[in-house]
Amino acid sequence: MLTNSLAMSNDFSVSVETTDNRGFTPEEVAERCVNKIIGISNNAHPAIKEQAHAYRKEMEKIIAIYMRQAIKSDRTTVYNAIKDSGNPKLAEYIRRM
């Protein structure tokens, strides 16, 4: 029998972010994504910290661009599925979103 142990950090935390009557924008999701992926130490040298913050901002922009492309692609898929099901007017509403 094999037994593997898993050590977890005591720094575990959960956060909740919400919006009011809308979904999250690609920029908001990109910021959340980058905050999870790129950590910047408070103890880092100021020059390193500045460079890391600049890198984080660039990554937010790039992720948001690809998210917008994914959203457009998904809308195209939904548009085609609705149009193919015989609802061209509804499909057009989806396309214009």
# chains A, B, ... in the order shown; residues from 1 in each chain; ligands from 1
$ residues_around --residues "Ile63 (chain A)" --least-positions-apart "2" --cutoff "10 Å" --atoms "only C-alpha atoms" --output "list in words"
Pro26, Glu27, Val29, Ala30, Glu31, Cys33, Val34, Glu58, Met59, Glu60, Lys61, Ile65, Tyr66, Met67, Arg68 and Gln69 of chain A
$ residues_around --residues "Ala81 (chain A)" --least-positions-apart "6" --cutoff "12 Å" --atoms "only C-alpha atoms" --output "number ranges by chain"
A: 74-75, 87-88, 90-92, 94-95
$ atom_distance --atom1 "CA of Val14 (chain A)" --atom2 "CA of Ala70 (chain A)"
27.1 Å
$ select_by_dssp --residues "chain A" --states "helix (DSSP H, G or I)" --output "PyMOL selection string"
chain A and resi 26-37+46-84+88-96
$ write_last_selection --atoms "C-alpha atoms" --output "PDB file, in the first residue's frame"
ATOM      1  CA  PRO A  26     -12.290  40.593 -19.638  1.00  0.00           C
ATOM      2  CA  GLU A  27     -10.085  43.178 -17.919  1.00  0.00           C
ATOM      3  CA  GLU A  28     -11.478  42.313 -14.486  1.00  0.00           C
ATOM      4  CA  VAL A  29     -11.013  38.591 -15.041  1.00  0.00           C
ATOM      5  CA  ALA A  30      -7.508  39.158 -16.444  1.00  0.00           C
ATOM      6  CA  GLU A  31      -6.562  41.114 -13.318  1.00  0.00           C
ATOM      7  CA  ARG A  32      -7.855  38.317 -11.063  1.00  0.00           C
ATOM      8  CA  CYS A  33      -5.984  35.750 -13.170  1.00  0.00           C
ATOM      9  CA  VAL A  34      -2.693  37.638 -13.014  1.00  0.00           C
ATOM     10  CA  ASN A  35      -3.043  38.170  -9.272  1.00  0.00           C
ATOM     11  CA  LYS A  36      -3.291  34.379  -8.854  1.00  0.00           C
ATOM     12  CA  ILE A  37      -0.397  33.603 -11.195  1.00  0.00           C
ATOM     13  CA  PRO A  46      12.489  47.956  -5.207  1.00  0.00           C
ATOM     14  CA  ALA A  47      13.857  47.645  -8.758  1.00  0.00           C
ATOM     15  CA  ILE A  48      12.713  44.012  -8.989  1.00  0.00           C
ATOM     16  CA  LYS A  49       9.331  44.910  -7.502  1.00  0.00           C
ATOM     17  CA  GLU A  50       8.862  47.727 -10.043  1.00  0.00           C
ATOM     18  CA  GLN A  51       9.750  45.389 -12.904  1.00  0.00           C
ATOM     19  CA  ALA A  52       7.362  42.721 -11.584  1.00  0.00           C
ATOM     20  CA  HIS A  53       4.482  45.211 -11.376  1.00  0.00           C
ATOM     21  CA  ALA A  54       5.163  46.334 -14.963  1.00  0.00           C
ATOM     22  CA  TYR A  55       5.225  42.692 -16.100  1.00  0.00           C
ATOM     23  CA  ARG A  56       1.947  42.032 -14.269  1.00  0.00           C
ATOM     24  CA  LYS A  57       0.261  44.967 -16.078  1.00  0.00           C
ATOM     25  CA  GLU A  58       1.466  43.712 -19.468  1.00  0.00           C
ATOM     26  CA  MET A  59       0.167  40.214 -18.715  1.00  0.00           C
ATOM     27  CA  GLU A  60      -3.236  41.676 -17.764  1.00  0.00           C
ATOM     28  CA  LYS A  61      -3.430  43.386 -21.177  1.00  0.00           C
ATOM     29  CA  ILE A  62      -2.431  40.242 -23.072  1.00  0.00           C
ATOM     30  CA  ILE A  63      -4.836  37.986 -21.169  1.00  0.00           C
ATOM     31  CA  ALA A  64      -7.698  40.468 -21.703  1.00  0.00           C
ATOM     32  CA  ILE A  65      -7.011  40.518 -25.466  1.00  0.00           C
ATOM     33  CA  TYR A  66      -7.197  36.724 -25.685  1.00  0.00           C
ATOM     34  CA  MET A  67     -10.289  36.634 -23.490  1.00  0.00           C
ATOM     35  CA  ARG A  68     -12.080  39.070 -25.831  1.00  0.00           C
ATOM     36  CA  GLN A  69     -11.093  36.841 -28.767  1.00  0.00           C
ATOM     37  CA  ALA A  70     -12.467  33.782 -26.947  1.00  0.00           C
ATOM     38  CA  ILE A  71     -15.732  35.601 -26.198  1.00  0.00           C
ATOM     39  CA  LYS A  72     -16.137  36.575 -29.874  1.00  0.00           C
ATOM     40  CA  SER A  73     -15.397  33.018 -30.946  1.00  0.00           C
ATOM     41  CA  ASP A  74     -17.930  31.603 -28.491  1.00  0.00           C
ATOM     42  CA  ARG A  75     -20.575  34.074 -29.676  1.00  0.00           C
ATOM     43  CA  THR A  76     -19.935  32.933 -33.243  1.00  0.00           C
ATOM     44  CA  THR A  77     -20.490  29.328 -32.161  1.00  0.00           C
ATOM     45  CA  VAL A  78     -23.712  30.255 -30.325  1.00  0.00           C
ATOM     46  CA  TYR A  79     -24.886  32.402 -33.264  1.00  0.00           C
ATOM     47  CA  ASN A  80     -24.387  29.528 -35.715  1.00  0.00           C
ATOM     48  CA  ALA A  81     -26.100  26.996 -33.446  1.00  0.00           C
ATOM     49  CA  ILE A  82     -29.141  29.246 -32.956  1.00  0.00           C
ATOM     50  CA  LYS A  83     -29.298  30.153 -36.651  1.00  0.00           C
ATOM     51  CA  ASP A  84     -29.030  26.481 -37.642  1.00  0.00           C
ATOM     52  CA  PRO A  88     -32.187  33.634 -37.378  1.00  0.00           C
ATOM     53  CA  LYS A  89     -33.649  36.693 -35.625  1.00  0.00           C
ATOM     54  CA  LEU A  90     -32.522  35.500 -32.186  1.00  0.00           C
ATOM     55  CA  ALA A  91     -29.140  34.564 -33.671  1.00  0.00           C
ATOM     56  CA  GLU A  92     -28.763  38.110 -34.964  1.00  0.00           C
ATOM     57  CA  TYR A  93     -29.454  39.523 -31.487  1.00  0.00           C
ATOM     58  CA  ILE A  94     -26.700  37.298 -30.111  1.00  0.00           C
ATOM     59  CA  ARG A  95     -24.288  38.367 -32.857  1.00  0.00           C
ATOM     60  CA  ARG A  96     -24.842  42.056 -32.030  1.00  0.00           C
TER      61      ARG A  96
END
